[in-house]
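Presented below is the structure to which this report refers.
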Amino acid sequence: MEKHATEAVRLAPTFGCALDYSEDSLRQLENILAQLSAEAQRSGIDTGANDSVQKRVDADPRIWGGYFGETIRRLWGGEWGVETYPGTVSPVVSVDIGGAKLFPVMKVYRRLTGGEGENVWSFYQVVREKLSSIGDRQ
């Protein structure tokens, strides 16, 4: 996943953004994902009208989810792993932070396909609050 994160850092300037693994860079990540989501919607991703866009929506979650997860991991000291995604039997890449499991690739996929309601910056705010409370209890 670290290689995917590095690729995200390399690609970010093409979206007018810079990524540096800081908390604030997650706002920039949301800007990138908003652009990609809008492009996918304009290109007919919902109807499968554009195979190249569909391939991108399938590949982009690994790149941008890798960055999202790697940034959270660096900020909070977690570890990459593979877990069964809730409600499925499928193994999915996860980040484990003190027993809390995050699924950054899935979150980015939902952002790309589900729109603004899946905003990763807003999601991170909730994650930060929960991780802060876990740290306070230890």
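As shown in the structure tokens, the chain order sets the letters A, B, ...; within each chain, residues go from 1, and ligands are also counted from 1 in the order they appear.
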- Message: Could you list, as an MDAnalysis selection string, every residue within 10 Å of stretch 126-130 of chain A, counting only C-alpha atoms and ignoring same-chain residues fewer than 4 positions away?
- Response: chainID A and resid 23 72 75:76 100 102 120:122 134:136
- Task: For stretch 92-96 of chain A, work out the shell of residues within 12 Å, counting only C-alpha atoms and skipping chain neighbours fewer than 5 positions away, then give it as JSON, numbers by chain.
- Result: {"A": [1, 2, 61, 62, 65, 66, 67, 68, 69, 70, 71, 72, 73, 74, 75, 76, 77, 78, 79, 80, 81, 82, 83, 84, 85, 86, 87, 101, 102, 103, 104, 105, 106, 107, 127, 131]}
- Proximity to A:Leu11 - best of A:Glu116, A:Pro91, A:Ile32, A:Arg42, only C-alpha atoms: A:Ile32
- Please, what distance in Å, to one decimal, runs between atom CA of A:Glu7 and atom CA of A:Leu26?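 Atom CA of A:Leu26 lies at a distance of 15.3 Å from atom CA of A:Glu7.
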- Message: So the first atom is atom CA of A:Leu29 and the second is atom CA of A:His4; what is the distance between them in Å, to one decimal place?
- Response: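 So the answer is 13.6 Å.
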- Item | DSSP alpha helix (DSSP H) selection over chain A, as a PyMOL selection string | chain A and resi 2-11+25-42+51-76+104-114+120-137
- Message: Measuring between only C-alpha atoms, which one of A:Thr88, A:Ser43, A:Gln35, A:Thr14 shows the shortest distance to A:Arg111?
- Response: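 Between A:Thr88, A:Ser43, A:Gln35, A:Thr14, the residue approaching A:Arg111 most closely is A:Gln35.
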- Message: Quick one: residues within 7 Å of A:Thr113, only C-alpha atoms, excluding same-chain residues fewer than 3 positions away - as an NGL selection string?
- Response: :A and (37 or 109-110)
- Message: Ranking A:Val89, A:Ile97, A:Ile63, A:Ala12 by minimum distance to A:Asn31 and counting only C-alpha atoms, which one comes first?
- Response: A:Ala12
- Message: I'd like to know which of A:Gln28, A:Trp64, A:Gly98, A:Leu33 is closest to A:Glu118, using only C-alpha atoms.
- Response: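 Checking each candidate against A:Glu118, we get A:Leu33 as the closest.
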- Selected residue, from A:Ser25, A:Ala18, A:Gly114, A:Gln125, that lies nearest to A:Ala38 when counting only C-alpha atoms: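 Answer, going by the shortest atom-to-atom distance: A:Gly114.
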